[in-house]
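Source file: upload33.cif; contents: mmCIF, C-alpha atoms and all ligand atoms.
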data_data
#
loop_
_atom_site.label_atom_id
_atom_site.label_comp_id
_atom_site.auth_asym_id
_atom_site.auth_seq_id
_atom_site.Cartn_x
_atom_site.Cartn_y
_atom_site.Cartn_z
CA MET C 151 266.61 37.24 -119.01
CA LYS C 152 264.52 35.54 -116.39
CA ASP C 153 261.65 37.87 -117.23
CA LYS C 154 261.27 36.40 -120.71
CA LYS C 155 258.25 34.31 -121.59
CA ILE C 156 259.01 31.25 -123.70
CA ALA C 157 256.30 29.04 -125.20
CA ILE C 158 256.82 25.64 -126.79
CA ILE C 159 254.02 24.26 -128.90
CA GLY C 160 254.26 20.57 -129.68
CA LEU C 161 252.50 19.13 -132.69
CA ASP C 162 252.80 15.40 -132.16
CA GLY C 163 253.94 13.56 -135.26
CA ALA C 164 253.80 16.61 -137.51
CA ASN C 165 255.88 16.62 -140.68
CA LYS C 166 256.10 19.59 -143.01
CA THR C 167 252.85 18.71 -144.79
CA THR C 168 250.76 18.45 -141.64
CA ALA C 169 252.47 21.46 -140.05
CA LYS C 170 251.39 23.51 -143.08
CA LEU C 171 247.86 22.17 -142.70
CA VAL C 172 247.90 23.61 -139.18
CA GLY C 173 249.10 26.89 -140.67
CA VAL C 174 252.74 26.68 -139.56
CA GLU C 175 254.57 27.73 -142.71
CA ALA C 176 257.23 30.27 -141.88
CA GLN C 177 260.66 29.17 -140.67
CA LEU C 178 259.86 25.49 -141.09
CA HIS C 179 262.99 23.40 -140.47
CA ASP C 180 263.80 19.72 -140.06
CA PHE C 181 264.06 18.41 -136.51
CA ILE C 182 265.75 15.10 -135.72
CA SER C 183 263.88 12.75 -133.38
CA THR C 184 265.24 10.05 -131.12
CA ILE C 185 265.96 6.52 -132.22
CA PRO C 186 263.30 5.20 -132.19
CA PRO C 187 261.22 8.17 -133.49
CA TYR C 188 258.52 7.48 -130.96
CA THR C 189 256.32 9.64 -128.74
CA PRO C 190 257.49 8.57 -125.23
CA PRO C 191 261.29 8.80 -125.69
CA ALA C 192 261.10 11.79 -128.06
CA TRP C 193 258.98 14.07 -125.84
CA THR C 194 260.97 13.00 -122.80
CA SER C 195 264.17 13.99 -124.64
CA ILE C 196 262.66 17.34 -125.65
CA LEU C 197 261.70 17.92 -122.00
CA THR C 198 265.06 16.85 -120.52
CA GLY C 199 267.68 17.54 -123.21
CA VAL C 200 269.16 14.05 -122.86
CA ASN C 201 268.99 10.69 -124.63
CA PRO C 202 267.04 7.61 -123.43
CA ALA C 203 270.11 6.08 -121.75
CA LYS C 204 270.02 9.08 -119.38
CA HIS C 205 266.27 9.61 -118.91
CA GLY C 206 265.26 5.95 -119.10
CA ILE C 207 262.24 6.07 -121.43
CA ILE C 208 262.16 4.10 -124.69
CA GLY C 209 258.44 3.26 -125.02
CA TRP C 210 255.14 3.10 -123.14
CA GLN C 211 256.34 -0.11 -121.56
CA LYS C 212 259.11 -0.91 -119.14
CA VAL C 213 260.60 -4.27 -120.01
CA ASP C 214 262.16 -6.66 -117.54
CA ARG C 215 265.07 -7.90 -119.60
CA MET C 216 265.39 -11.22 -117.80
CA SER C 217 261.81 -12.38 -118.24
CA PHE C 218 260.84 -10.24 -121.29
CA LYS C 219 257.79 -9.20 -119.28
CA SER C 220 256.65 -5.61 -119.27
CA ARG C 221 254.55 -3.10 -117.39
CA LEU C 222 253.39 0.40 -118.30
CA ALA C 223 256.02 3.09 -117.80
CA THR C 224 255.07 6.17 -115.76
CA SER C 225 256.56 9.52 -114.79
CA ARG C 226 258.41 7.70 -112.01
CA ASP C 227 260.55 5.97 -114.64
CA VAL C 228 261.93 9.32 -115.88
CA LYS C 229 265.31 9.53 -114.17
CA TYR C 230 266.53 12.96 -115.31
CA PRO C 231 265.24 16.40 -114.26
CA ARG C 232 262.68 17.87 -116.62
CA LEU C 233 262.89 21.48 -117.78
CA PRO C 234 260.16 22.67 -115.36
CA GLU C 235 262.06 21.07 -112.47
CA ILE C 236 265.22 22.94 -113.43
CA LEU C 237 263.24 26.18 -113.79
CA SER C 238 261.50 25.65 -110.47
CA SER C 239 264.84 25.50 -108.68
CA ALA C 240 265.44 29.01 -110.08
CA ASN C 241 261.98 29.91 -108.80
CA MET C 242 260.57 30.19 -112.32
CA LYS C 243 257.09 29.11 -113.30
CA SER C 244 255.99 26.52 -115.88
CA VAL C 245 252.71 25.39 -117.35
CA ILE C 246 252.99 21.89 -118.83
CA ILE C 247 250.07 20.52 -120.83
CA ASN C 248 249.58 17.07 -122.41
CA LEU C 249 253.18 15.91 -122.14
CA PRO C 250 253.60 12.13 -122.15
CA MET C 251 255.34 10.50 -119.18
CA THR C 252 254.34 13.27 -116.75
CA TYR C 253 251.70 11.20 -114.91
CA PRO C 254 251.45 10.63 -111.94
CA ILE C 255 252.32 14.23 -111.24
CA THR C 256 254.44 13.58 -108.19
CA TRP C 257 257.59 15.22 -109.59
CA ALA C 258 256.30 18.77 -109.95
CA ASP C 259 256.67 21.58 -107.44
CA PRO C 260 253.15 22.93 -106.75
CA GLU C 261 254.53 26.41 -106.07
CA ASN C 262 255.96 26.82 -109.56
CA THR C 263 254.37 24.25 -111.82
CA ILE C 264 250.95 23.58 -113.29
CA VAL C 265 250.52 20.28 -115.13
CA VAL C 266 247.59 19.07 -117.22
CA SER C 267 247.79 15.32 -117.75
CA ASP C 268 248.34 13.78 -121.17
CA TRP C 269 246.16 11.36 -123.11
CA MET C 270 247.94 8.26 -121.77
CA ALA C 271 247.21 9.16 -118.15
CA PRO C 272 244.67 6.79 -116.58
CA LYS C 273 242.77 9.85 -115.39
CA GLN C 274 242.56 13.36 -116.81
CA THR C 275 243.74 15.71 -114.08
CA ILE C 276 245.27 19.06 -113.40
CA PHE C 277 248.00 19.72 -110.84
CA PRO C 278 248.03 21.24 -108.28
CA LYS C 279 244.81 19.69 -107.09
CA LYS C 280 243.26 22.98 -106.02
CA LEU C 281 242.66 23.77 -109.72
CA GLU C 282 240.74 20.54 -110.27
CA GLU C 283 237.37 21.94 -109.23
CA GLN C 284 237.63 24.88 -111.61
CA TYR C 285 238.57 22.84 -114.68
CA ARG C 286 237.10 19.39 -114.13
CA GLU C 287 234.32 19.68 -116.71
CA PHE C 288 236.78 20.67 -119.44
CA LEU C 289 239.22 17.83 -118.86
CA ILE C 290 237.35 15.36 -121.04
CA ASP C 291 238.88 12.07 -122.13
CA PRO C 292 240.96 12.19 -125.28
CA PRO C 293 239.69 10.38 -128.40
CA HIS C 294 243.09 8.84 -129.05
CA GLN C 295 241.88 5.40 -130.07
CA TRP C 296 241.77 6.17 -133.76
CA TRP C 297 242.16 2.47 -134.63
CA GLN C 298 238.69 1.79 -133.23
CA GLU C 299 236.96 4.40 -135.35
CA SER C 300 235.13 3.49 -138.52
CA ASP C 301 233.22 6.60 -139.46
CA ARG C 302 235.50 9.31 -140.81
CA ASP C 303 233.37 12.38 -140.17
CA GLU C 304 232.22 11.13 -136.80
CA TYR C 305 235.82 10.74 -135.60
CA ALA C 306 236.80 14.15 -136.96
CA ASP C 307 233.88 15.68 -135.05
CA LYS C 308 234.90 13.85 -131.89
CA VAL C 309 238.45 15.18 -132.08
CA LYS C 310 237.20 18.68 -132.78
CA GLU C 311 234.87 18.58 -129.78
CA PHE C 312 237.72 17.38 -127.57
CA THR C 313 240.05 20.12 -128.80
CA GLU C 314 237.41 22.81 -128.44
CA THR C 315 236.52 21.79 -124.89
CA ARG C 316 240.08 21.47 -123.64
CA LEU C 317 241.10 24.73 -125.31
CA SER C 318 239.16 26.62 -122.63
CA VAL C 319 241.70 25.30 -120.11
CA TYR C 320 244.67 26.00 -122.41
CA TYR C 321 243.56 29.63 -123.00
CA ASP C 322 242.88 30.22 -119.33
CA LEU C 323 246.30 29.00 -118.24
CA LEU C 324 247.92 30.94 -121.06
CA GLU C 325 246.23 34.23 -120.29
CA LYS C 326 245.58 34.22 -116.56
CA ILE C 327 248.69 32.57 -115.15
CA ASP C 328 252.03 34.25 -114.71
CA TRP C 329 254.43 31.79 -116.36
CA ASN C 330 257.97 31.76 -117.73
CA LEU C 331 257.55 28.55 -119.72
CA TYR C 332 254.34 27.39 -121.35
CA PHE C 333 254.72 23.97 -122.99
CA ILE C 334 251.75 22.29 -124.64
CA VAL C 335 251.49 19.22 -126.88
CA PHE C 336 248.69 18.70 -129.38
CA SER C 337 248.30 15.01 -130.23
CA GLU C 338 245.61 15.73 -132.80
CA THR C 339 248.20 15.87 -135.61
CA ASP C 340 249.42 12.36 -134.71
CA TRP C 341 245.96 10.81 -134.39
CA PHE C 342 244.86 12.24 -137.73
CA SER C 343 248.08 11.15 -139.50
CA HIS C 344 247.64 7.57 -138.30
CA TRP C 345 243.99 7.48 -139.03
CA MET C 346 243.93 9.30 -142.39
CA PRO C 347 247.42 8.84 -143.86
CA GLN C 348 246.18 10.43 -147.09
CA ILE C 349 246.49 13.86 -145.43
CA LEU C 350 250.27 13.30 -145.62
CA GLU C 351 249.81 13.63 -149.38
CA GLY C 352 247.49 16.60 -149.17
CA LYS C 353 244.29 14.61 -149.67
CA ASP C 354 241.00 14.97 -147.72
CA GLU C 355 242.35 17.95 -145.84
CA HIS C 356 238.86 19.35 -145.33
CA VAL C 357 238.11 16.59 -142.78
CA VAL C 358 240.90 17.66 -140.41
CA LYS C 359 240.97 21.40 -141.15
CA PRO C 360 238.29 22.48 -138.61
CA THR C 361 240.35 21.02 -135.73
CA PHE C 362 243.63 22.38 -137.11
CA LYS C 363 242.04 25.83 -137.43
CA LEU C 364 241.31 25.85 -133.69
CA ILE C 365 244.94 24.97 -133.00
CA ARG C 366 246.18 27.71 -135.35
CA GLU C 367 244.02 30.33 -133.61
CA PHE C 368 245.47 29.22 -130.31
CA ILE C 369 249.04 29.50 -131.68
CA ASN C 370 248.23 33.08 -132.74
CA GLU C 371 247.24 33.90 -129.18
CA VAL C 372 250.41 32.25 -127.83
CA GLU C 373 252.49 34.32 -130.24
CA SER C 374 250.86 37.51 -129.01
CA ILE C 375 251.75 36.72 -125.39
CA ALA C 376 255.14 34.93 -125.45
CA ASP C 377 258.43 36.64 -126.28
CA ILE C 378 259.74 33.57 -128.08
CA VAL C 379 257.71 30.66 -129.46
CA PHE C 380 259.11 27.32 -130.57
CA ILE C 381 256.95 24.92 -132.54
CA VAL C 382 258.26 21.35 -132.57
CA SER C 383 257.19 17.82 -133.34
CA ASP C 384 258.49 14.73 -131.56
CA HIS C 385 258.88 12.82 -134.82
CA GLY C 386 257.65 13.05 -138.39
CA PHE C 387 255.31 10.85 -140.37
CA GLN C 388 255.63 8.94 -143.60
CA LYS C 389 253.41 6.76 -145.73
CA ILE C 390 254.12 3.07 -145.28
CA ASP C 391 253.47 0.35 -147.83
CA LYS C 392 254.89 -2.66 -146.03
CA VAL C 393 254.96 -4.14 -142.53
CA PHE C 394 257.89 -6.30 -141.46
CA TYR C 395 257.11 -8.74 -138.62
CA ILE C 396 260.36 -8.94 -136.70
CA ASN C 397 259.40 -11.65 -134.21
CA GLU C 398 258.12 -13.79 -137.06
CA ALA C 399 261.50 -13.41 -138.78
CA LEU C 400 263.23 -14.26 -135.49
CA ALA C 401 261.02 -17.35 -135.17
CA GLN C 402 261.90 -18.51 -138.68
CA ASN C 403 265.56 -18.18 -137.77
CA GLY C 404 265.12 -20.23 -134.62
CA PHE C 405 265.33 -17.44 -132.04
CA ILE C 406 261.69 -17.70 -130.93
CA ARG C 407 259.35 -20.67 -130.41
CA TYR C 408 255.67 -19.91 -130.02
CA SER C 409 252.14 -21.23 -130.35
CA GLY C 410 250.17 -19.43 -133.06
CA PHE C 411 246.93 -20.64 -131.53
CA LYS C 412 247.69 -19.18 -128.11
CA PHE C 413 248.73 -15.88 -129.67
CA ARG C 414 245.51 -15.56 -131.65
CA MET C 415 243.50 -16.35 -128.55
CA ALA C 416 245.32 -13.76 -126.43
CA ASN C 417 244.99 -11.20 -129.20
CA THR C 418 241.26 -11.78 -129.53
CA ALA C 419 240.95 -11.37 -125.78
CA LYS C 420 242.85 -8.09 -125.95
CA LYS C 421 240.52 -6.71 -128.62
CA LEU C 422 237.46 -7.81 -126.68
CA ILE C 423 238.76 -6.26 -123.49
CA ARG C 424 239.14 -2.95 -125.26
CA ARG C 425 235.46 -3.12 -126.16
CA SER C 426 234.66 -4.56 -122.72
CA ASN C 427 232.69 -7.38 -124.27
CA ILE C 428 231.13 -10.11 -122.15
CA LEU C 429 233.11 -12.71 -124.05
CA ALA C 430 236.20 -11.14 -122.57
CA GLU C 431 235.00 -12.27 -119.17
CA VAL C 432 235.06 -15.85 -120.41
CA LEU C 433 238.54 -15.43 -121.84
CA TYR C 434 239.74 -14.00 -118.53
CA LYS C 435 239.07 -17.39 -117.07
CA LEU C 436 241.16 -19.09 -119.75
CA ILE C 437 244.00 -16.60 -119.80
CA PRO C 438 244.92 -14.63 -116.70
CA LYS C 439 244.27 -10.94 -117.40
CA SER C 440 247.78 -9.99 -116.37
CA LYS C 441 249.16 -12.07 -119.24
CA ILE C 442 247.26 -10.27 -121.94
CA SER C 443 246.79 -6.74 -120.70
CA VAL C 444 250.22 -5.44 -121.65
CA ASN C 445 251.90 -8.09 -123.70
CA SER C 446 249.87 -10.86 -125.23
CA MET C 447 252.95 -12.30 -126.90
CA SER C 448 254.57 -13.52 -123.74
CA TYR C 449 251.62 -15.83 -123.23
CA ALA C 450 252.16 -17.55 -126.59
CA ILE C 451 255.92 -17.75 -126.57
CA SER C 452 257.45 -20.85 -125.06
CA GLU C 453 261.04 -19.90 -125.72
CA ALA C 454 262.75 -16.75 -126.93
CA VAL C 455 266.38 -15.70 -127.00
CA ALA C 456 265.66 -12.43 -128.82
CA MET C 457 262.46 -10.47 -129.12
CA LEU C 458 260.98 -7.18 -130.25
CA ILE C 459 258.77 -5.87 -127.45
CA GLU C 460 256.56 -2.90 -128.41
CA SER C 461 256.81 -2.43 -132.18
CA GLU C 462 257.45 1.30 -132.33
CA THR C 463 260.51 1.14 -130.07
CA TRP C 464 262.42 -0.76 -132.81
CA GLY C 465 264.09 -2.41 -129.80
CA LEU C 466 265.20 -6.02 -129.52
CA TYR C 467 265.94 -7.58 -126.15
CA LEU C 468 268.30 -10.56 -126.01
CA LYS C 469 268.33 -13.16 -123.25
CA ASN C 470 271.89 -14.03 -124.00
CA ARG C 471 274.24 -11.42 -125.39
CA GLU C 472 276.29 -14.18 -127.04
CA ASN C 473 273.61 -14.30 -129.74
CA ILE C 474 274.04 -10.68 -130.78
CA LYS C 475 276.02 -11.35 -133.95
CA GLU C 476 273.76 -14.16 -135.11
CA VAL C 477 270.67 -12.00 -134.64
CA ILE C 478 272.22 -9.05 -136.48
CA ASN C 479 273.26 -11.29 -139.37
CA ALA C 480 269.87 -12.96 -139.63
CA LEU C 481 267.90 -9.70 -139.67
CA THR C 482 270.18 -7.66 -141.94
CA ASP C 483 269.63 -10.34 -144.59
CA TYR C 484 266.13 -8.97 -145.13
CA PRO C 485 265.90 -6.06 -147.59
CA GLU C 486 263.26 -4.41 -145.37
CA ILE C 487 265.90 -3.86 -142.67
CA VAL C 488 268.57 -1.24 -143.32
CA ASP C 489 270.60 -1.93 -140.21
CA VAL C 490 270.58 -3.56 -136.79
CA VAL C 491 272.62 -1.45 -134.39
CA PRO C 492 273.81 -2.23 -130.85
CA SER C 493 272.00 0.17 -128.57
CA LYS C 494 275.21 1.30 -126.87
CA LEU C 495 276.43 2.80 -130.14
CA ILE C 496 273.33 5.00 -130.27
CA HIS C 497 272.55 5.96 -126.68
CA LYS C 498 275.16 6.49 -124.00
CA GLY C 499 274.32 6.96 -120.36
CA PRO C 500 273.98 5.33 -116.95
CA LEU C 501 270.65 3.66 -117.82
CA SER C 502 271.81 2.01 -121.04
CA ARG C 503 271.50 -1.44 -119.46
CA TYR C 504 267.73 -0.97 -119.26
CA LEU C 505 267.39 -0.19 -122.96
CA PRO C 506 266.96 -2.82 -125.67
CA ASP C 507 270.21 -4.50 -126.79
CA LEU C 508 269.66 -3.78 -130.47
CA PHE C 509 267.74 -1.26 -132.55
CA VAL C 510 266.33 -2.37 -135.87
CA ILE C 511 266.32 0.40 -138.47
CA PRO C 512 263.63 -0.25 -141.09
CA ALA C 513 263.95 0.81 -144.73
CA GLU C 514 261.93 3.79 -145.99
CA GLY C 515 258.25 2.95 -146.34
CA VAL C 516 258.58 -0.04 -144.00
CA SER C 517 257.01 -0.30 -140.57
CA VAL C 518 258.16 -2.94 -138.08
CA SER C 519 255.75 -4.94 -135.95
CA ASP C 520 256.12 -7.27 -132.97
CA GLU C 521 253.01 -9.22 -133.92
CA LEU C 522 253.20 -12.97 -134.51
CA SER C 523 251.27 -12.76 -137.73
CA GLY C 524 252.25 -16.02 -139.38
CA THR C 525 253.95 -14.11 -142.19
CA ILE C 526 257.13 -12.01 -142.35
CA THR C 527 255.88 -9.18 -144.54
CA LYS C 528 252.55 -7.73 -145.57
CA GLN C 529 251.57 -4.97 -148.00
CA VAL C 530 249.62 -2.19 -146.29
CA VAL C 531 248.62 1.43 -146.73
CA LYS C 532 249.17 3.33 -143.54
CA GLY C 533 251.09 6.13 -141.89
CA ASP C 534 253.94 5.60 -139.47
CA HIS C 535 256.51 7.60 -137.56
CA GLU C 536 259.79 8.76 -139.09
CA ILE C 537 262.93 10.44 -137.77
CA LYS C 538 262.45 13.82 -139.43
CA GLY C 539 260.02 16.07 -137.59
CA ILE C 540 259.59 19.86 -137.71
CA PHE C 541 261.03 22.87 -135.90
CA SER C 542 259.86 26.44 -136.22
CA PHE C 543 260.35 29.55 -134.12
CA ARG C 544 259.61 33.23 -133.94
CA GLY C 545 259.88 36.10 -131.53
CA GLU C 546 261.97 38.83 -130.10
CA GLY C 547 265.63 38.83 -131.07
CA VAL C 548 265.37 35.79 -133.32
CA LYS C 549 266.15 35.86 -137.01
CA GLU C 550 263.71 35.80 -139.89
CA ASP C 551 265.65 33.57 -142.20
CA ILE C 552 268.42 31.19 -141.27
CA LEU C 553 270.40 28.14 -142.28
CA PHE C 554 271.37 25.71 -139.54
CA ASN C 555 274.99 24.55 -139.37
CA LYS C 556 273.66 21.31 -138.00
CA THR C 557 270.04 20.14 -138.14
CA PRO C 558 268.31 20.82 -134.79
CA ARG C 559 267.57 17.76 -132.66
CA VAL C 560 265.13 16.94 -129.88
CA TYR C 561 267.93 17.38 -127.33
CA ASP C 562 268.54 21.03 -128.30
CA ILE C 563 265.41 22.58 -126.81
CA VAL C 564 266.45 22.43 -123.15
CA PRO C 565 269.91 24.04 -123.59
CA THR C 566 268.46 26.69 -125.89
CA VAL C 567 265.69 27.61 -123.45
CA LEU C 568 268.09 27.66 -120.48
CA HIS C 569 270.45 29.90 -122.46
CA ILE C 570 267.66 32.39 -123.18
CA PHE C 571 266.73 32.41 -119.49
CA GLY C 572 270.38 32.90 -118.56
CA LEU C 573 270.47 29.72 -116.50
CA PRO C 574 273.29 27.15 -116.29
CA ILE C 575 273.16 24.26 -118.74
CA PRO C 576 273.74 20.77 -117.31
CA SER C 577 277.19 19.55 -118.38
CA ASP C 578 275.84 16.16 -119.47
CA THR C 579 273.17 17.56 -121.81
CA ASP C 580 273.06 15.91 -125.24
CA GLY C 581 271.88 19.04 -126.97
CA ARG C 582 273.41 22.31 -128.09
CA ILE C 583 272.27 25.93 -127.93
CA LEU C 584 270.67 26.73 -131.29
CA LYS C 585 272.65 29.95 -131.55
CA GLU C 586 271.90 30.37 -135.26
CA ILE C 587 268.39 31.55 -134.41
CA PHE C 588 269.50 34.65 -132.51
CA GLU C 589 270.03 37.92 -134.36
CA GLU C 590 273.69 38.73 -134.88
CA ASP C 591 274.99 41.23 -132.36
CA SER C 592 272.04 40.48 -130.13
CA GLU C 593 272.71 39.90 -126.48
CA LEU C 594 271.65 36.27 -126.82
CA SER C 595 274.07 35.51 -129.62
CA LYS C 596 277.00 37.09 -127.80
CA LYS C 597 276.21 35.79 -124.35
CA GLN C 598 278.44 32.95 -123.17
CA PRO C 599 276.64 29.81 -122.12
CA ILE C 600 276.73 29.09 -118.40
CA GLU C 601 277.82 25.59 -117.42
ZN ZN B 701 254.40 11.19 -131.21
#
For this file, write the structure as structure tokens.
Amino acid sequence: MKDKKIAIIGLDGANKTTAKLVGVEAQLHDFISTIPPYTPPAWTSILTGVNPAKHGIIGWQKVDRMSFKSRLATSRDVKYPRLPEILSSANMKSVIINLPMTYPITWADPENTIVVSDWMAPKQTIFPKKLEEQYREFLIDPPHQWWQESDRDEYADKVKEFTETRLSVYYDLLEKIDWNLYFIVFSETDWFSHWMPQILEGKDEHVVKPTFKLIREFINEVESIADIVFIVSDHGFQKIDKVFYINEALAQNGFIRYSGFKFRMANTAKKLIRRSNILAEVLYKLIPKSKISVNSMSYAISEAVAMLIESETWGLYLKNRENIKEVINALTDYPEIVDVVPSKLIHKGPLSRYLPDLFVIPAEGVSVSDELSGTITKQVVKGDHEIKGIFSFRGEGVKEDILFNKTPRVYDIVPTVLHIFGLPIPSDTDGRILKEIFEEDSELSKKQPIE
């Protein structure tokens, strides 16, 4: 089955409502994300078939658990082979576009892999380098900073222009390259869901529709070329009405001591740096840039035994594991927190010691934040990630209408793809072959998996 062409289309942060806005309606199933339901660990799990304790990615940051300091994570922090690496060893070809945690592109085999960098990459590039010349003008910077946008229509136009320009590259690689796997992620669904949460309730759709239409047309073309197409999201989206400030709650319970003044100063500096204001230059002299660029909290905190670092990871690091019970008890007292779970109960693997010690599971409609806001909760109207994403598929030898025995999860894509290609499945994969999707009596449903 090595001659099959499989395409995976990622719609970042899509839930069923936004997937339908993009025009993905048929065969729309739930898809369980990682804990936390967050872009970096979720896409890395989709691309590797294993949990964060095996691939090593839990957020955009890599935290040093002794000092609570962090740096940006890169592709070098991914410690498990990605699907294109496995395929390359079978001499099969992949095109990988916009996948987080793939930059710098030092891991890919130039003979068998083409990689277009994702929006978090410090530089928009295409690998191998020889393609750079041909595509440079289309690899424009992504408009991912939705939180800095004030004008609704202007931002929608910006995203549409970005999508339109980059699509020339996507179409070219789709149509002119001989590939076995074509895997592309569209972040547009995530940016729009954060920025206009009302689309999650079917309001103001007309603002985002022009961009989504371009994506739908592209999916049509993918479906005409690939034998099997999977459409997945890394996590879903829900409307949030409350923020819970974990570090503030930890401070009130005596686990953190900090200076509110220093935090506000570092935060102001951070905002100014983003806008590259001259005032930022002055603040650089007061606060070393290294202290505010990644984690402005560490500058303000004088003592911490437990801390949430990077809100969306839901992950608490503890200086001293003796405090685990006290921290769990303190936080589960708040109605906004459903549970506080030791990380080892959720993710098992050789890298578990690098993960947070605890994961905080917020109640529905609650978003957790690491900010030192001076208050424990705040009412808000916004969108935030949730565990339930989407999974859809179509193609040769797959069924029209099915019920899953067990809801598909982010880990299931790799074993399913390897099974279709007739390649061995790593014995430590955390996923399963989604056999339900194959037509009964088809070769794929009868074929034994190779271990
Ligand atoms: Zn995401």
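Nearest residue to ligand ZN 701 (chain B) among C:Arg226, C:His569, C:His344, C:Lys597 is C:His344, counting all atoms listed in the file.
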Step by step, measure atom-to-atom distances between ligand ZN 701 (chain B) and each residue using all atoms listed in the file, keep those at most 7 Å, then write them as a list in words. Asp162, Gly163, Tyr188, Thr189, Asp340, Asp384 and His385 of chain C
Kindly indicate which residue among C:Glu299, C:Asp291, C:Asp259, C:Glu338 lies nearest to Leu161 (chain C), using only C-alpha atoms for the distances.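 Nearest to Leu161 (chain C): C:Glu338.
Ranking C:Glu283, C:Glu472, C:Asp153, C:Glu373 by their shortest atom-to-atom distance to Arg544 (chain C), with all atoms listed in the file included, puts C:Glu373 first.
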Using only C-alpha atoms, which of the listed residues (C:Arg316, C:Lys498, C:Arg215, C:Lys152) sits closest to Asn241 (chain C)?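 Closest to Asn241 (chain C) of all the choices is C:Lys152.
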Residues around (265.8, -7.0, -126.7), cut-off 9 Å, counting only C-alpha atoms - what are they as an MDAnalysis selection string? chainID C and resid 213 215 218 455:459 465:469 505:509
Export C-alpha atoms of the chosen residues as a PDB file, in the frame of the given file?
ATOM      1  CA  VAL C 213     260.600  -4.270-120.010  1.00  0.00           C
ATOM      2  CA  ARG C 215     265.070  -7.900-119.600  1.00  0.00           C
ATOM      3  CA  PHE C 218     260.840 -10.240-121.290  1.00  0.00           C
ATOM      4  CA  VAL C 455     266.380 -15.700-127.000  1.00  0.00           C
ATOM      5  CA  ALA C 456     265.660 -12.430-128.820  1.00  0.00           C
ATOM      6  CA  MET C 457     262.460 -10.470-129.120  1.00  0.00           C
ATOM      7  CA  LEU C 458     260.980  -7.180-130.250  1.00  0.00           C
ATOM      8  CA  ILE C 459     258.770  -5.870-127.450  1.00  0.00           C
ATOM      9  CA  GLY C 465     264.090  -2.410-129.800  1.00  0.00           C
ATOM     10  CA  LEU C 466     265.200  -6.020-129.520  1.00  0.00           C
ATOM     11  CA  TYR C 467     265.940  -7.580-126.150  1.00  0.00           C
ATOM     12  CA  LEU C 468     268.300 -10.560-126.010  1.00  0.00           C
ATOM     13  CA  LYS C 469     268.330 -13.160-123.250  1.00  0.00           C
ATOM     14  CA  LEU C 505     267.390  -0.190-122.960  1.00  0.00           C
ATOM     15  CA  PRO C 506     266.960  -2.820-125.670  1.00  0.00           C
ATOM     16  CA  ASP C 507     270.210  -4.500-126.790  1.00  0.00           C
ATOM     17  CA  LEU C 508     269.660  -3.780-130.470  1.00  0.00           C
ATOM     18  CA  PHE C 509     267.740  -1.260-132.550  1.00  0.00           C
TER      19      PHE C 509
END
Selection: 7 Å around Ser461 (chain C), all atoms listed in the file, excl. self and same-chain fewer than 2 positions, as a ChimeraX atom specification: /C:458-459,463-464,518-520
